[in-house]
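Student: The structure follows.
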Amino acid sequence: QPPRTVRGMVDRIGSSARKHQHIVERARDIAEQHGFEPIQTPILEYSSVFERTLGADSDVVGKELYKFLDSSQQWMTMRPEGTAGVARAVVSNKLETALPQKLYYWGPMFRHERPQKGRLRQFEQFGVEMFGIRHPAADVECIETAWRFLNSLNIDGQLEVQLNTLGDHESRAAYRESLRRYLAEFKDELSEDSRKRLDTNPLRVLDSKDERDAEIVRKAPVYGEFLNAPSSRHFEFVKQGLDALRIPYKLNSKLVRGLDYYQHTVWEVACASELLGRSQATILAGGRYDGLTKALGGSRSLPGIGWAAGIERLALLLPDERVPHSSTPVPILIVPD
C-alpha cells in the first residue's frame, strides 16, 4: 500500500503552494509597512504555555491538542495557535525591557478536530502581535493592518468587520456575574458543556454552537450595559478611529473571548461567500489581551493586542488567475550542424 498523508493534513503543490506563498507575501508587505518585525517560534512548546493561556475548560485544550510525553517525561504540545508562543518568546527573551514590540509570524498550527472545508488538522496562520501600547490607537492600527491586508488580496466575497468591547477587568467581572446569574435560571436546559462552564467561565457559553444554548443566550444581558467610563472612552476612540479611516464595521454584542486576559476591543472579519459556507465565514480574528505575559510568568502585565488569519480559508477565496507567477523557463538547445 502506497504511503498517504495523515488525515486532515495536505500536501501543497503547484498553484496551491503559489497561492499560499502569495498570501503570506502580501501579509508580510502590509505588516512591515506598519513597522512590524518578523519572529519565529518553535512548533513544539511545553504544554503549560497553552494550558495556562487558553484555559483548561476550552475546547482547544480539552479536545484538540496534539500533546505527548517526551522521553524526558515532559509534556509537549504542537502549537494550536500563535499568540501564546509569541508572548512566551517576549518573556523568555526579556523583550519586556524594549517596548513597544511589534511582531509578525506565519506557519503551521495543529488541532485534532474534524477536518472540513477550510479547516484542517495542520493549518497555516499569519498573525501580528503588538506589546507595550495601552492606548486605543494600537487597536485602530491593528484593525487597519488587517483590513489593508485582506483588501490587498482582492478575494471573492464581501468583507465585514464585526466589533465589540469586553471593557476592562472591572467591567468584565460585573458582566460575568450578571451573565452567570441569568444562565443559572436555565441550568437544566443548557448543554452539558455549558453547564460545566457556568461556574468556571460563563462567557464561553456565549460561544456555544448548541441550538438550545443559542436560544437562551439570545436574551442574555448585553455587555455594553456593564462598561465603566474608562472602558466606554476606550471603545469610543476605536470606533472614531475606524470611522476616520473609513473602515466599515458592524457592532456585535455577542462577540466575546472566553479567556480572562482578554480586555477591551475584540473583532472578527467575516466573508460572505459560498466558497466558505456560513459556519466557516470567519477568516481573521483579533483582540486585546492585556495581562497575557503575566499569565505566562512574566514580571510585568504588558498591554498586548493582535490578530491572526487562516491562510487556507483565504486561499479558498482567491482565484488562481489573481495569483501572479513567473512562466516556466523553456530550455533552448542549439545543435550545431
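Here's how to read the names in the C-alpha cells: chain A, B, ... by the order shown, residue numbers from 1 in each chain, ligand numbers from 1 in the order shown.
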Among segment 54-300 of chain A, which residues does DSSP mark as alpha helix (DSSP H) when it is run on the backbone? Keep the chain and numbering as in the structure and answer as an mmCIF file with N, CA and C atoms, in the first residue's frame.

Tutor:
```cif
data_model
loop_
_atom_site.group_PDB
_atom_site.id
_atom_site.type_symbol
_atom_site.label_atom_id
_atom_site.label_comp_id
_atom_site.auth_asym_id
_atom_site.auth_seq_id
_atom_site.Cartn_x
_atom_site.Cartn_y
_atom_site.Cartn_z
ATOM 1 N N LEU A 54 -4.776 29.322 27.293
ATOM 2 C CA LEU A 54 -6.035 29.024 26.607
ATOM 3 C C LEU A 54 -7.136 28.610 27.570
ATOM 4 N N ASP A 59 -12.246 24.203 24.454
ATOM 5 C CA ASP A 59 -12.283 23.061 23.548
ATOM 6 C C ASP A 59 -10.894 22.713 23.041
ATOM 7 N N THR A 83 -0.385 33.132 19.230
ATOM 8 C CA THR A 83 -0.222 34.226 20.189
ATOM 9 C C THR A 83 0.525 33.802 21.452
ATOM 10 N N ALA A 84 0.173 32.648 22.023
ATOM 11 C CA ALA A 84 0.800 32.220 23.277
ATOM 12 C C ALA A 84 2.299 32.024 23.108
ATOM 13 N N GLY A 85 2.715 31.434 21.986
ATOM 14 C CA GLY A 85 4.138 31.224 21.750
ATOM 15 C C GLY A 85 4.905 32.522 21.597
ATOM 16 N N VAL A 86 4.296 33.498 20.899
ATOM 17 C CA VAL A 86 4.950 34.795 20.731
ATOM 18 C C VAL A 86 5.048 35.513 22.086
ATOM 19 N N ALA A 87 3.991 35.463 22.886
ATOM 20 C CA ALA A 87 4.031 36.080 24.219
ATOM 21 C C ALA A 87 5.081 35.401 25.086
ATOM 22 N N ARG A 88 5.185 34.079 24.985
ATOM 23 C CA ARG A 88 6.222 33.351 25.734
ATOM 24 C C ARG A 88 7.606 33.802 25.296
ATOM 25 N N ALA A 89 7.795 34.016 23.983
ATOM 26 C CA ALA A 89 9.087 34.465 23.472
ATOM 27 C C ALA A 89 9.432 35.864 23.988
ATOM 28 N N VAL A 90 8.444 36.735 24.105
ATOM 29 C CA VAL A 90 8.674 38.080 24.643
ATOM 30 C C VAL A 90 9.195 37.990 26.071
ATOM 31 N N VAL A 91 8.595 37.095 26.875
ATOM 32 C CA VAL A 91 9.027 36.920 28.259
ATOM 33 C C VAL A 91 10.390 36.236 28.317
ATOM 34 N N SER A 92 10.564 35.136 27.574
ATOM 35 C CA SER A 92 11.800 34.350 27.632
ATOM 36 C C SER A 92 13.015 35.152 27.197
ATOM 37 N N ALA A 137 -5.225 53.702 20.226
ATOM 38 C CA ALA A 137 -4.693 53.891 18.876
ATOM 39 C C ALA A 137 -4.064 52.599 18.364
ATOM 40 N N ALA A 138 -3.536 51.771 19.272
ATOM 41 C CA ALA A 138 -2.966 50.484 18.874
ATOM 42 C C ALA A 138 -4.058 49.557 18.348
ATOM 43 N N ASP A 139 -5.235 49.605 18.956
ATOM 44 C CA ASP A 139 -6.359 48.788 18.492
ATOM 45 C C ASP A 139 -6.728 49.185 17.060
ATOM 46 N N VAL A 140 -6.787 50.500 16.823
ATOM 47 C CA VAL A 140 -7.143 51.001 15.493
ATOM 48 C C VAL A 140 -6.105 50.567 14.465
ATOM 49 N N GLU A 141 -4.827 50.692 14.823
ATOM 50 C CA GLU A 141 -3.788 50.312 13.861
ATOM 51 C C GLU A 141 -3.831 48.824 13.540
ATOM 52 N N CYS A 142 -4.078 47.995 14.540
ATOM 53 C CA CYS A 142 -4.159 46.545 14.298
ATOM 54 C C CYS A 142 -5.296 46.218 13.319
ATOM 55 N N ILE A 143 -6.455 46.824 13.548
ATOM 56 C CA ILE A 143 -7.593 46.565 12.667
ATOM 57 C C ILE A 143 -7.309 47.118 11.271
ATOM 58 N N GLU A 144 -6.677 48.285 11.193
ATOM 59 C CA GLU A 144 -6.330 48.852 9.893
ATOM 60 C C GLU A 144 -5.365 47.942 9.136
ATOM 61 N N THR A 145 -4.372 47.397 9.836
ATOM 62 C CA THR A 145 -3.414 46.481 9.208
ATOM 63 C C THR A 145 -4.129 45.268 8.627
ATOM 64 N N ALA A 146 -5.041 44.703 9.404
ATOM 65 C CA ALA A 146 -5.805 43.539 8.940
ATOM 66 C C ALA A 146 -6.671 43.891 7.734
ATOM 67 N N TRP A 147 -7.337 45.036 7.805
ATOM 68 C CA TRP A 147 -8.231 45.461 6.726
ATOM 69 C C TRP A 147 -7.455 45.693 5.426
ATOM 70 N N ARG A 148 -6.314 46.370 5.528
ATOM 71 C CA ARG A 148 -5.492 46.619 4.341
ATOM 72 C C ARG A 148 -4.988 45.310 3.736
ATOM 73 N N PHE A 149 -4.566 44.383 4.588
ATOM 74 C CA PHE A 149 -4.079 43.091 4.111
ATOM 75 C C PHE A 149 -5.156 42.331 3.351
ATOM 76 N N LEU A 150 -6.337 42.224 3.931
ATOM 77 C CA LEU A 150 -7.403 41.458 3.286
ATOM 78 C C LEU A 150 -7.831 42.098 1.966
ATOM 79 N N ASN A 151 -7.915 43.412 1.937
ATOM 80 C CA ASN A 151 -8.321 44.083 0.704
ATOM 81 C C ASN A 151 -7.237 44.020 -0.376
ATOM 82 N N SER A 152 -5.978 43.876 0.031
ATOM 83 C CA SER A 152 -4.900 43.785 -0.953
ATOM 84 C C SER A 152 -4.939 42.477 -1.732
ATOM 85 N N HIS A 169 -11.033 44.969 33.366
ATOM 86 C CA HIS A 169 -11.272 43.853 34.282
ATOM 87 C C HIS A 169 -12.522 44.089 35.140
ATOM 88 N N GLU A 170 -12.707 45.319 35.588
ATOM 89 C CA GLU A 170 -13.870 45.651 36.429
ATOM 90 C C GLU A 170 -15.174 45.449 35.666
ATOM 91 N N SER A 171 -15.231 45.934 34.423
ATOM 92 C CA SER A 171 -16.440 45.788 33.606
ATOM 93 C C SER A 171 -16.710 44.318 33.306
ATOM 94 N N ARG A 172 -15.650 43.597 32.993
ATOM 95 C CA ARG A 172 -15.792 42.177 32.654
ATOM 96 C C ARG A 172 -16.320 41.379 33.840
ATOM 97 N N ALA A 173 -15.787 41.667 35.035
ATOM 98 C CA ALA A 173 -16.224 40.946 36.231
ATOM 99 C C ALA A 173 -17.702 41.203 36.522
ATOM 100 N N ALA A 174 -18.142 42.457 36.336
ATOM 101 C CA ALA A 174 -19.547 42.792 36.584
ATOM 102 C C ALA A 174 -20.463 42.068 35.595
ATOM 103 N N TYR A 175 -20.055 42.041 34.320
ATOM 104 C CA TYR A 175 -20.878 41.368 33.322
ATOM 105 C C TYR A 175 -20.895 39.858 33.554
ATOM 106 N N ARG A 176 -19.729 39.321 33.881
ATOM 107 C CA ARG A 176 -19.635 37.876 34.087
ATOM 108 C C ARG A 176 -20.578 37.408 35.182
ATOM 109 N N GLU A 177 -20.649 38.154 36.276
ATOM 110 C CA GLU A 177 -21.526 37.766 37.384
ATOM 111 C C GLU A 177 -22.995 37.885 36.974
ATOM 112 N N SER A 178 -23.341 38.934 36.238
ATOM 113 C CA SER A 178 -24.718 39.096 35.784
ATOM 114 C C SER A 178 -25.101 37.971 34.820
ATOM 115 N N LEU A 179 -24.174 37.629 33.917
ATOM 116 C CA LEU A 179 -24.447 36.543 32.976
ATOM 117 C C LEU A 179 -24.595 35.212 33.700
ATOM 118 N N ARG A 180 -23.742 34.975 34.692
ATOM 119 C CA ARG A 180 -23.816 33.718 35.438
ATOM 120 C C ARG A 180 -25.182 33.568 36.121
ATOM 121 N N ARG A 181 -25.657 34.671 36.738
ATOM 122 C CA ARG A 181 -26.964 34.604 37.400
ATOM 123 C C ARG A 181 -28.081 34.347 36.397
ATOM 124 N N TYR A 182 -28.002 34.981 35.238
ATOM 125 C CA TYR A 182 -29.026 34.779 34.206
ATOM 126 C C TYR A 182 -29.030 33.335 33.723
ATOM 127 N N LEU A 183 -27.850 32.798 33.405
ATOM 128 C CA LEU A 183 -27.762 31.437 32.868
ATOM 129 C C LEU A 183 -28.164 30.390 33.903
ATOM 130 N N ALA A 184 -27.915 30.690 35.187
ATOM 131 C CA ALA A 184 -28.259 29.735 36.244
ATOM 132 C C ALA A 184 -29.759 29.432 36.259
ATOM 133 N N GLU A 192 -24.514 20.069 28.109
ATOM 134 C CA GLU A 192 -23.610 19.560 29.144
ATOM 135 C C GLU A 192 -22.355 20.427 29.268
ATOM 136 N N ASP A 193 -21.761 20.797 28.115
ATOM 137 C CA ASP A 193 -20.552 21.632 28.143
ATOM 138 C C ASP A 193 -20.830 22.978 28.801
ATOM 139 N N SER A 194 -21.977 23.578 28.485
ATOM 140 C CA SER A 194 -22.298 24.896 29.039
ATOM 141 C C SER A 194 -22.585 24.823 30.535
ATOM 142 N N ARG A 195 -23.182 23.717 30.986
ATOM 143 C CA ARG A 195 -23.397 23.560 32.435
ATOM 144 C C ARG A 195 -22.071 23.508 33.183
ATOM 145 N N LYS A 196 -21.076 22.857 32.571
ATOM 146 C CA LYS A 196 -19.750 22.782 33.198
ATOM 147 C C LYS A 196 -19.105 24.166 33.274
ATOM 148 N N ARG A 197 -19.382 24.996 32.273
ATOM 149 C CA ARG A 197 -18.745 26.310 32.204
ATOM 150 C C ARG A 197 -19.483 27.379 32.997
ATOM 151 N N LEU A 198 -20.631 27.040 33.497
ATOM 152 C CA LEU A 198 -21.467 28.033 34.176
ATOM 153 C C LEU A 198 -20.732 28.700 35.339
ATOM 154 N N ASP A 199 -19.986 27.916 36.102
ATOM 155 C CA ASP A 199 -19.263 28.471 37.247
ATOM 156 C C ASP A 199 -17.815 28.813 36.912
ATOM 157 N N THR A 200 -17.196 28.042 36.004
ATOM 158 C CA THR A 200 -15.778 28.275 35.705
ATOM 159 C C THR A 200 -15.576 29.445 34.752
ATOM 160 N N GLU A 211 -27.909 24.595 19.708
ATOM 161 C CA GLU A 211 -29.096 25.386 19.378
ATOM 162 C C GLU A 211 -29.870 25.810 20.621
ATOM 163 N N ARG A 212 -29.929 24.924 21.621
ATOM 164 C CA ARG A 212 -30.639 25.283 22.865
ATOM 165 C C ARG A 212 -29.918 26.430 23.564
ATOM 166 N N ASP A 213 -28.593 26.329 23.630
ATOM 167 C CA ASP A 213 -27.814 27.388 24.266
ATOM 168 C C ASP A 213 -27.994 28.713 23.527
ATOM 169 N N ALA A 214 -27.973 28.653 22.207
ATOM 170 C CA ALA A 214 -28.092 29.876 21.401
ATOM 171 C C ALA A 214 -29.412 30.589 21.664
ATOM 172 N N GLU A 215 -30.470 29.821 21.856
ATOM 173 C CA GLU A 215 -31.783 30.410 22.123
ATOM 174 C C GLU A 215 -31.794 31.102 23.483
ATOM 175 N N ILE A 216 -31.157 30.487 24.482
ATOM 176 C CA ILE A 216 -31.085 31.079 25.824
ATOM 177 C C ILE A 216 -30.226 32.334 25.806
ATOM 178 N N VAL A 217 -29.099 32.257 25.114
ATOM 179 C CA VAL A 217 -28.153 33.375 25.056
ATOM 180 C C VAL A 217 -28.759 34.589 24.355
ATOM 181 N N ALA A 229 -16.770 54.008 32.782
ATOM 182 C CA ALA A 229 -16.435 55.174 31.955
ATOM 183 C C ALA A 229 -15.121 55.017 31.182
ATOM 184 N N PRO A 230 -14.026 54.535 31.805
ATOM 185 C CA PRO A 230 -12.787 54.373 31.043
ATOM 186 C C PRO A 230 -12.937 53.390 29.874
ATOM 187 N N SER A 231 -13.693 52.315 30.097
ATOM 188 C CA SER A 231 -13.900 51.333 29.033
ATOM 189 C C SER A 231 -14.713 51.928 27.884
ATOM 190 N N SER A 232 -15.713 52.712 28.210
ATOM 191 C CA SER A 232 -16.526 53.357 27.174
ATOM 192 C C SER A 232 -15.691 54.324 26.353
ATOM 193 N N ARG A 233 -14.809 55.085 27.032
ATOM 194 C CA ARG A 233 -13.947 56.034 26.312
ATOM 195 C C ARG A 233 -12.979 55.297 25.384
ATOM 196 N N HIS A 234 -12.451 54.186 25.841
ATOM 197 C CA HIS A 234 -11.528 53.386 25.019
ATOM 198 C C HIS A 234 -12.227 52.938 23.727
ATOM 199 N N PHE A 235 -13.439 52.420 23.887
ATOM 200 C CA PHE A 235 -14.161 51.890 22.727
ATOM 201 C C PHE A 235 -14.600 53.010 21.789
ATOM 202 N N GLU A 236 -14.986 54.152 22.353
ATOM 203 C CA GLU A 236 -15.374 55.281 21.514
ATOM 204 C C GLU A 236 -14.207 55.744 20.647
ATOM 205 N N PHE A 237 -13.004 55.756 21.215
ATOM 206 C CA PHE A 237 -11.823 56.141 20.445
ATOM 207 C C PHE A 237 -11.612 55.172 19.283
ATOM 208 N N VAL A 238 -11.774 53.876 19.551
ATOM 209 C CA VAL A 238 -11.594 52.876 18.491
ATOM 210 C C VAL A 238 -12.598 53.097 17.363
ATOM 211 N N LYS A 239 -13.857 53.279 17.726
ATOM 212 C CA LYS A 239 -14.889 53.479 16.699
ATOM 213 C C LYS A 239 -14.646 54.747 15.897
ATOM 214 N N GLN A 240 -14.261 55.814 16.580
ATOM 215 C CA GLN A 240 -13.988 57.070 15.877
ATOM 216 C C GLN A 240 -12.772 56.934 14.965
ATOM 217 N N GLY A 241 -11.773 56.181 15.417
ATOM 218 C CA GLY A 241 -10.601 55.949 14.591
ATOM 219 C C GLY A 241 -10.937 55.185 13.327
ATOM 220 N N LEU A 242 -11.765 54.153 13.450
ATOM 221 C CA LEU A 242 -12.176 53.378 12.274
ATOM 222 C C LEU A 242 -13.033 54.224 11.334
ATOM 223 N N ASP A 243 -13.891 55.050 11.916
ATOM 224 C CA ASP A 243 -14.698 55.949 11.082
ATOM 225 C C ASP A 243 -13.804 56.903 10.294
ATOM 226 N N ALA A 244 -12.768 57.439 10.957
ATOM 227 C CA ALA A 244 -11.865 58.382 10.281
ATOM 228 C C ALA A 244 -11.108 57.710 9.139
ATOM 229 N N LEU A 292 -1.594 38.883 29.316
ATOM 230 C CA LEU A 292 -1.177 37.559 28.855
ATOM 231 C C LEU A 292 0.248 37.225 29.308
ATOM 232 N N THR A 293 1.168 38.189 29.212
ATOM 233 C CA THR A 293 2.548 37.915 29.613
ATOM 234 C C THR A 293 2.633 37.588 31.102
ATOM 235 N N LYS A 294 1.815 38.243 31.907
ATOM 236 C CA LYS A 294 1.799 37.951 33.347
ATOM 237 C C LYS A 294 1.309 36.528 33.592
ATOM 238 N N ALA A 295 0.312 36.085 32.829
ATOM 239 C CA ALA A 295 -0.206 34.724 32.965
ATOM 240 C C ALA A 295 0.841 33.682 32.621
#
```

Student: So which residues touch Gly224 of chain A within 9 Å, counting only C-alpha atoms, skipping near sequence neighbours fewer than 5 positions away, as a PDB file with N, CA and C atoms, in the first residue's frame?

Tutor:
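Result file follows (result-v7.pdb):
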```pdb
ATOM      1  N   ASN A 164     -16.623  44.458  18.908  1.00  0.00           N
ATOM      2  CA  ASN A 164     -17.226  44.522  20.239  1.00  0.00           C
ATOM      3  C   ASN A 164     -16.154  44.935  21.252  1.00  0.00           C
ATOM      4  N   THR A 165     -16.582  45.242  22.452  1.00  0.00           N
ATOM      5  CA  THR A 165     -15.647  45.527  23.539  1.00  0.00           C
ATOM      6  C   THR A 165     -16.002  44.669  24.743  1.00  0.00           C
ATOM      7  N   LEU A 166     -14.974  44.208  25.445  1.00  0.00           N
ATOM      8  CA  LEU A 166     -15.161  43.468  26.691  1.00  0.00           C
ATOM      9  C   LEU A 166     -14.908  44.351  27.903  1.00  0.00           C
ATOM     10  N   GLY A 167     -14.492  45.608  27.646  1.00  0.00           N
ATOM     11  CA  GLY A 167     -14.203  46.508  28.758  1.00  0.00           C
ATOM     12  C   GLY A 167     -12.961  46.077  29.535  1.00  0.00           C
ATOM     13  N   TYR A 175     -20.055  42.041  34.320  1.00  0.00           N
ATOM     14  CA  TYR A 175     -20.878  41.368  33.322  1.00  0.00           C
ATOM     15  C   TYR A 175     -20.895  39.858  33.554  1.00  0.00           C
ATOM     16  N   SER A 232     -15.713  52.712  28.210  1.00  0.00           N
ATOM     17  CA  SER A 232     -16.526  53.357  27.174  1.00  0.00           C
ATOM     18  C   SER A 232     -15.691  54.324  26.353  1.00  0.00           C
ATOM     19  N   SER A 253     -22.648  42.580  19.901  1.00  0.00           N
ATOM     20  CA  SER A 253     -22.517  42.491  21.360  1.00  0.00           C
ATOM     21  C   SER A 253     -22.290  41.064  21.846  1.00  0.00           C
TER      22      SER A 253
END
```

Student: To one decimal place in Å, what is the distance between atom CA of Arg12 of chain A and atom CA of Ile311 of chain A?

Tutor: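 Computing it gives 12.4 Å between the two atoms.
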
Student: To one decimal place, how far is atom CA of Leu163 of chain A from atom CA of Val269 of chain A in Å?

Tutor: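 Calculated distance between atom CA of Leu163 of chain A and atom CA of Val269 of chain A is 8.8 Å.
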
Student: Excluding Met76 of chain A and its own-chain neighbours fewer than 2 positions away, which residues fall within 10 Å of it when counting only C-alpha atoms? Please give them as a ChimeraX atom specification.

Tutor: /A:44-49,65-70,73-74,78-79

Student: Could you pull the residues within 10 Å of Pro108 of chain A, counting only C-alpha atoms, minus those fewer than 4 positions along the same chain, as a list in words?

Tutor: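 Here the qualifying residues turn out to be Ile43, Met78, Arg79, Pro80, Glu81, Gly82, Arg121, Gln122, Phe123, Glu124, Gln125, Phe126 and Ile311 of chain A.
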
Student: Restricted to all heavy atoms, what would the selected residues look like written as a compact mmCIF listing (two decimals), in the first residue's frame?

Tutor:
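Listing of result08.txt after writing:
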```
# COMPACT_ATOMS: atom_id res chain seq x y z
N ILE A 43 7.54 25.12 16.80
CA ILE A 43 6.26 24.42 16.67
C ILE A 43 5.94 23.69 17.97
O ILE A 43 4.78 23.61 18.39
CB ILE A 43 6.30 23.44 15.48
CG1 ILE A 43 6.26 24.22 14.16
CG2 ILE A 43 5.16 22.43 15.54
CD1 ILE A 43 6.44 23.36 12.93
N MET A 78 2.18 20.46 20.27
CA MET A 78 2.35 21.13 18.97
C MET A 78 1.41 22.32 18.95
O MET A 78 0.22 22.17 19.24
CB MET A 78 2.06 20.15 17.84
CG MET A 78 2.99 18.94 17.83
SD MET A 78 2.54 17.69 16.61
CE MET A 78 3.03 18.49 15.09
N ARG A 79 1.93 23.49 18.63
CA ARG A 79 1.18 24.73 18.85
C ARG A 79 -0.17 24.73 18.13
O ARG A 79 -0.25 24.46 16.93
CB ARG A 79 2.01 25.93 18.40
CG ARG A 79 2.34 25.94 16.92
CD ARG A 79 3.26 27.08 16.56
NE ARG A 79 3.51 27.09 15.12
CZ ARG A 79 4.48 27.77 14.53
NH1 ARG A 79 5.30 28.51 15.25
NH2 ARG A 79 4.62 27.73 13.22
N PRO A 80 -1.25 25.05 18.85
CA PRO A 80 -2.58 25.14 18.24
C PRO A 80 -2.90 26.55 17.75
O PRO A 80 -3.88 26.76 17.05
CB PRO A 80 -3.51 24.76 19.38
CG PRO A 80 -2.79 25.24 20.60
CD PRO A 80 -1.31 25.10 20.32
N GLU A 81 -2.09 27.54 18.16
CA GLU A 81 -2.27 28.94 17.75
C GLU A 81 -0.96 29.66 18.00
O GLU A 81 -0.04 29.11 18.62
CB GLU A 81 -3.44 29.59 18.49
CG GLU A 81 -3.36 29.49 20.01
CD GLU A 81 -2.62 30.66 20.62
OE1 GLU A 81 -2.71 31.76 20.06
OE2 GLU A 81 -1.93 30.47 21.64
N GLY A 82 -0.83 30.90 17.52
CA GLY A 82 0.45 31.57 17.54
C GLY A 82 0.69 32.55 18.68
O GLY A 82 1.83 32.78 19.08
N ARG A 121 -6.35 19.76 10.21
CA ARG A 121 -5.68 19.47 11.47
C ARG A 121 -4.29 20.12 11.51
O ARG A 121 -3.82 20.47 12.57
CB ARG A 121 -5.59 17.96 11.68
CG ARG A 121 -6.96 17.36 11.97
CD ARG A 121 -6.91 15.86 12.19
NE ARG A 121 -8.22 15.38 12.63
CZ ARG A 121 -8.52 14.10 12.86
NH1 ARG A 121 -7.58 13.17 12.69
NH2 ARG A 121 -9.73 13.76 13.26
N GLN A 122 -3.64 20.21 10.36
CA GLN A 122 -2.48 21.09 10.24
C GLN A 122 -2.90 22.23 9.33
O GLN A 122 -3.25 22.02 8.18
CB GLN A 122 -1.26 20.38 9.64
CG GLN A 122 -0.09 21.34 9.45
CD GLN A 122 1.17 20.67 8.91
OE1 GLN A 122 1.48 19.55 9.26
NE2 GLN A 122 1.91 21.38 8.07
N PHE A 123 -2.89 23.44 9.88
CA PHE A 123 -3.37 24.60 9.12
C PHE A 123 -2.37 25.73 9.28
O PHE A 123 -1.58 25.77 10.23
CB PHE A 123 -4.77 25.02 9.60
CG PHE A 123 -4.84 25.33 11.07
CD1 PHE A 123 -4.76 26.63 11.54
CD2 PHE A 123 -4.99 24.31 12.00
CE1 PHE A 123 -4.83 26.91 12.89
CE2 PHE A 123 -5.05 24.58 13.37
CZ PHE A 123 -4.98 25.89 13.81
N GLU A 124 -2.41 26.67 8.34
CA GLU A 124 -1.46 27.77 8.33
C GLU A 124 -2.14 29.06 8.81
O GLU A 124 -3.29 29.33 8.46
CB GLU A 124 -0.92 28.00 6.92
CG GLU A 124 -0.26 26.78 6.30
CD GLU A 124 1.19 26.62 6.70
OE1 GLU A 124 1.83 27.65 7.02
OE2 GLU A 124 1.68 25.48 6.70
N GLN A 125 -1.39 29.83 9.58
CA GLN A 125 -1.88 31.14 10.02
C GLN A 125 -0.81 32.20 9.80
O GLN A 125 0.39 31.91 9.87
CB GLN A 125 -2.25 31.13 11.51
CG GLN A 125 -3.58 30.48 11.83
CD GLN A 125 -4.01 30.72 13.27
OE1 GLN A 125 -3.21 31.09 14.12
NE2 GLN A 125 -5.29 30.50 13.55
N PHE A 126 -1.28 33.42 9.54
CA PHE A 126 -0.42 34.60 9.60
C PHE A 126 -1.00 35.49 10.68
O PHE A 126 -2.21 35.70 10.75
CB PHE A 126 -0.39 35.35 8.27
CG PHE A 126 0.54 36.53 8.27
CD1 PHE A 126 1.82 36.41 7.75
CD2 PHE A 126 0.17 37.75 8.82
CE1 PHE A 126 2.71 37.48 7.78
CE2 PHE A 126 1.04 38.82 8.86
CZ PHE A 126 2.32 38.69 8.34
N ILE A 311 -4.91 30.99 6.55
CA ILE A 311 -4.47 31.06 5.16
C ILE A 311 -5.27 30.11 4.28
O ILE A 311 -5.58 30.43 3.12
CB ILE A 311 -2.95 30.78 5.07
CG1 ILE A 311 -2.20 31.87 5.85
CG2 ILE A 311 -2.49 30.76 3.62
CD1 ILE A 311 -0.69 31.67 5.87
```

Student: Rounded to one decimal, what separation in Å do you get between atom CA of Arg288 of chain A and atom CA of Val266 of chain A?

Tutor: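 Computed distance, atom CA of Arg288 of chain A to atom CA of Val266 of chain A, equals 6.4 Å.
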
Student: In terms of the shortest atom-to-atom distance over only C-alpha atoms, which of A:Gly310, A:Gly304, A:Gly132, A:Pro3 is closest to Glu96 of chain A?

Tutor: A:Gly132

Student: Excluding Glu64 of chain A and residues on its chain fewer than 6 positions from it, collect all residues at most 7 Å away from it, counting only C-alpha atoms, and give them as a list in words.

Tutor: Arg111, His112 and Glu113 of chain A

Student: Would you return as a list in words the members of segment 165-273 of chain A that DSSP assigns to strand (DSSP E) on this structure's backbone?

Tutor: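 DSSP-assigned strand (DSSP E) residues in segment 165-273 of chain A: Thr165, Tyr249, Lys250, Leu251, Gln263, His264, Thr265, Val266, Trp267, Glu268, Val269, Ala270, Cys271 and Ala272 of chain A.
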
Student: If we count only C-alpha atoms and set the cut-off at 12 Å, which residues sit around Ala272 of chain A, ignoring sequence neighbours fewer than 6 positions away in its own chain? Please answer as an NGL selection string.

Tutor: :A and (155-161 or 278-283 or 317)

Student: Residues of the last selection are to be written out with N, CA and C atoms, as a tab-separated table (two decimals), in the first residue's frame.

Tutor:
```tsv
chain	number	residue	atom	x	y	z
A	155	ILE	N	-9.85	39.20	-2.85
A	155	ILE	CA	-10.52	37.90	-2.76
A	155	ILE	C	-11.99	38.03	-3.13
A	156	ASP	N	-12.61	36.91	-3.44
A	156	ASP	CA	-14.04	36.88	-3.74
A	156	ASP	C	-14.85	36.94	-2.45
A	157	GLY	N	-15.93	37.70	-2.45
A	157	GLY	CA	-16.80	37.78	-1.29
A	157	GLY	C	-16.75	39.12	-0.60
A	158	GLN	N	-17.84	39.47	0.08
A	158	GLN	CA	-17.97	40.74	0.79
A	158	GLN	C	-17.39	40.63	2.18
A	159	LEU	N	-16.45	41.52	2.54
A	159	LEU	CA	-15.82	41.51	3.85
A	159	LEU	C	-16.65	42.33	4.85
A	160	GLU	N	-16.71	41.85	6.09
A	160	GLU	CA	-17.42	42.57	7.14
A	160	GLU	C	-16.65	42.47	8.45
A	161	VAL	N	-16.29	43.64	9.02
A	161	VAL	CA	-15.66	43.68	10.34
A	161	VAL	C	-16.75	43.67	11.40
A	278	ARG	N	-21.50	29.22	5.66
A	278	ARG	CA	-21.79	30.09	6.80
A	278	ARG	C	-20.96	29.74	8.02
A	279	SER	N	-20.74	28.44	8.29
A	279	SER	CA	-20.06	28.04	9.52
A	279	SER	C	-18.59	28.37	9.51
A	280	GLN	N	-18.01	28.62	8.33
A	280	GLN	CA	-16.58	28.91	8.23
A	280	GLN	C	-16.33	30.32	7.72
A	281	ALA	N	-17.26	31.23	7.96
A	281	ALA	CA	-17.19	32.56	7.35
A	281	ALA	C	-16.09	33.44	7.94
A	282	THR	N	-15.66	33.17	9.18
A	282	THR	CA	-14.62	34.00	9.81
A	282	THR	C	-13.26	33.68	9.20
A	283	ILE	N	-12.60	34.71	8.68
A	283	ILE	CA	-11.28	34.50	8.04
A	283	ILE	C	-10.15	35.16	8.82
A	317	LEU	N	-10.79	31.60	-1.19
A	317	LEU	CA	-11.46	32.78	-1.73
A	317	LEU	C	-10.65	33.47	-2.84
```

Student: Measuring atom to atom with only C-alpha atoms, identify which of A:Ser299, A:Thr77, A:Gln21, A:Thr265 is nearest to His135 of chain A.

Tutor: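 Distance minimum relative to His135 of chain A lands on A:Thr265.
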
Student: Compare A:Lys117, A:Thr328, A:Phe226, A:Ser16 by their minimum atom-to-atom distance to Glu274 of chain A, counting only C-alpha atoms, and give me the closest one.

Tutor: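 Going through A:Lys117, A:Thr328, A:Phe226, A:Ser16 one by one, the smallest distance to Glu274 of chain A is for A:Lys117.
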